[in-house]
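What follows is one structure encoded as structure tokens, with my remarks underneath.
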Amino acid sequence: MSDWKAEILVIGGGAAGMMAAGTAAEAGRRVLLLEKNGRLGKKLAITGKGRCNLTNRCAPEAVLQNTLRNPRFLNSAVRAFPPEQVMAFFEDLGCALKVERGERVFPVSDRSASVVDALRRWLRRTGVRVEQAAAQALLIRNGALRGVRTDRGELAAGRVILCTGGVSYPLTGSTGDGYRLAAAAGHTIVPPRGSLVPLAARDGGCAELQGLSLRNVGVRLRDGRGRVVYEDFGELLFTHFGLSGPTILSASAHLDGGGPYTVEIDLKPALDEGKLDERILRDFAAQKNRGFENALTELLPRSLIPVVVRRTGVDPAAKVHSVTRAQRRALLEQLKRFTIPIAGPRPVDEAIVTAGGVCVREVAPKTMASKRCRGLYLAGEVLDVDAYTGGFNLQIAWSTGRAAGKAASLEEEIS
């Protein structure tokens, strides 16, 4: 490895790590960024289906409202580096941005590479050194950091910023290494689990509906007692194993052991039951000699019709003029409450982000400094913070990385 002497070591070259490293280097510190992958920003490159939803154009309060766990901990960091400043930061780096539905912010290029390349240029300009190495242990003496042991040798430094991510998408390098390092420094680790993850169904015809994408539907997640624990409106996708899509990913964050859970889909959320019944009657009147199944083409996607008809118990070939009020009620029930019983979340390695991680009570919220080990800072997904989809998780990475980089650059060397 390079014998160049760093003042600050950053472990992990993802969003939080690159932000922390560049921020500290801009302050005039000698920074060495360690990344075990062959390139920086590997997970960042696949976010947003390769488009990189890098933040959400909203007030800091909205970021906190969309944070699922420990939002109060993030208050100082998000207000110090809010979405408005994040957007200006990337625009200044030459990465042009655009805002889409839901105030989601993307690069104009629709390519995550635009974001990653802008950060890499920034790191080069600020003088950050990058080495490919895997951190194996923190070198600690008398409760203070002295450096890091890597698979390529030991590195001395009095300040280390831990930005190793969680355990989601392990092929990108997020394999939970940071939890082990933080635990060795005295930190409590809240057991990690997947958040924003697809849901596996127990049945419900999902395999038959594989590939069907629904837009503008209502989604409710009910627990074992029938209580609504999450409600949303938007898109979902049927898969061979169950359900995915934005509304489902957000719903998954509310699975907390109160199951068995059920997803309830309102296929016609714009119409109350009375208006929907009137709509059905009009459709049937216009097609009174058609079969029941064939008369639903204006109401439902074609692939969904056989599943809905089967659930109503009505003969698919029955002429609609013979459909009874009770049978029509059964149809309306399926349109307003199409239910899918949930077996549970998909494996954590399919999750977008990780819930759990380093207990935030042991981290200073303004500086991201460890309260257990002097010279150690933590940022990004390694912390027990996670949020809904929409750019909020990356906003957390930028804000906490910025806070850690600034604070580490101000700390005096440990003698």
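In the structure tokens, chains take letters A, B, ... by order of appearance, with residues numbered from 1 within each chain and ligands from 1 in the order shown.
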For this session: Check the DSSP output for the backbone and give back, as a ChimeraX atom specification, the residues of segment 39-129 of chain A in strand (DSSP E or B).
Result: /A:55-56,67-69,97-100,104-107,129
Save the residues we just selected, C-alpha atoms, as a CSV table (one decimal), in the first residue's frame?
```
chain,number,residue,atom,x,y,z
A,55,THR,CA,-32.4,13.2,-3.1
A,56,ASN,CA,-35.9,14.6,-2.8
A,67,THR,CA,-37.4,8.6,8.0
A,68,LEU,CA,-38.7,5.4,9.6
A,69,ARG,CA,-36.2,4.9,12.4
A,97,LEU,CA,-30.4,17.6,-12.2
A,98,LYS,CA,-34.2,17.3,-12.8
A,99,VAL,CA,-37.2,16.8,-10.6
A,100,GLU,CA,-39.8,14.2,-11.3
A,104,ARG,CA,-37.7,12.9,-6.7
A,105,VAL,CA,-34.4,14.3,-8.0
A,106,PHE,CA,-32.5,12.5,-10.8
A,107,PRO,CA,-29.5,13.4,-13.0
A,129,ARG,CA,-6.2,9.3,-2.1
```
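Neighbouring residues of Arg152 of chain A at 10 Å or closer, counting only C-alpha atoms and skipping chain neighbours under 4 positions away, are Met1, Glu131, Gln132, Ala133, Ala134, Ala135 and Gln136 of chain A.
Take atom CA of Glu231 of chain A and atom CA of Val348 of chain A: the distance between them is 22.6 Å.
Across the model, the gap from atom CA of Leu196 of chain A to atom CA of Asp117 of chain A is 26.4 Å.
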Could you build a table of the residues in segment 40-127 of chain A lying no more than 7 Å from segment 22-29 of chain A, giving for each the nearest pair of atoms and their separation in Å rounded to one decimal place, using only C-alpha atoms, ordered by chain and ascending residue number, as CSV?
```
residue,atom,partner,partner_atom,distance
A:Trp122,CA,A:Gly22,CA,6.9
A:Leu123,CA,A:Gly22,CA,5.4
A:Thr126,CA,A:Glu26,CA,5.6
A:Gly127,CA,A:Ala25,CA,6.5
```
Exercise. Got a sec to tell me which of segment 25-272 of chain A DSSP assigns to alpha helix (DSSP H), as a VMD selection string?
Worked result: chain A and resid 25 to 26 60 to 65 75 to 80 83 to 92 112 to 126 177 to 184 246 to 252
For this session: Would you list the contacts of segment 271-281 of chain A as a VMD selection string, taking every protein, DNA or RNA residue within 9 Å and counting only C-alpha atoms, but skipping same-chain residues closer than 2 positions in sequence?
Result: chain A and resid 268 to 269 283 to 286 296 299 328 to 329 332 to 333 335 to 336
Exercise. From the list A:Gly143, A:Gly356, A:Gly17, A:Gly41, which residue is nearest Val190 of chain A when using only C-alpha atoms?
Worked result: A:Gly356
Problem set entry | From A:Ile161, A:Ala351, A:Cys95, A:Ala270, residue lying nearest Leu249 of chain A [only C-alpha atoms] | A:Ala351
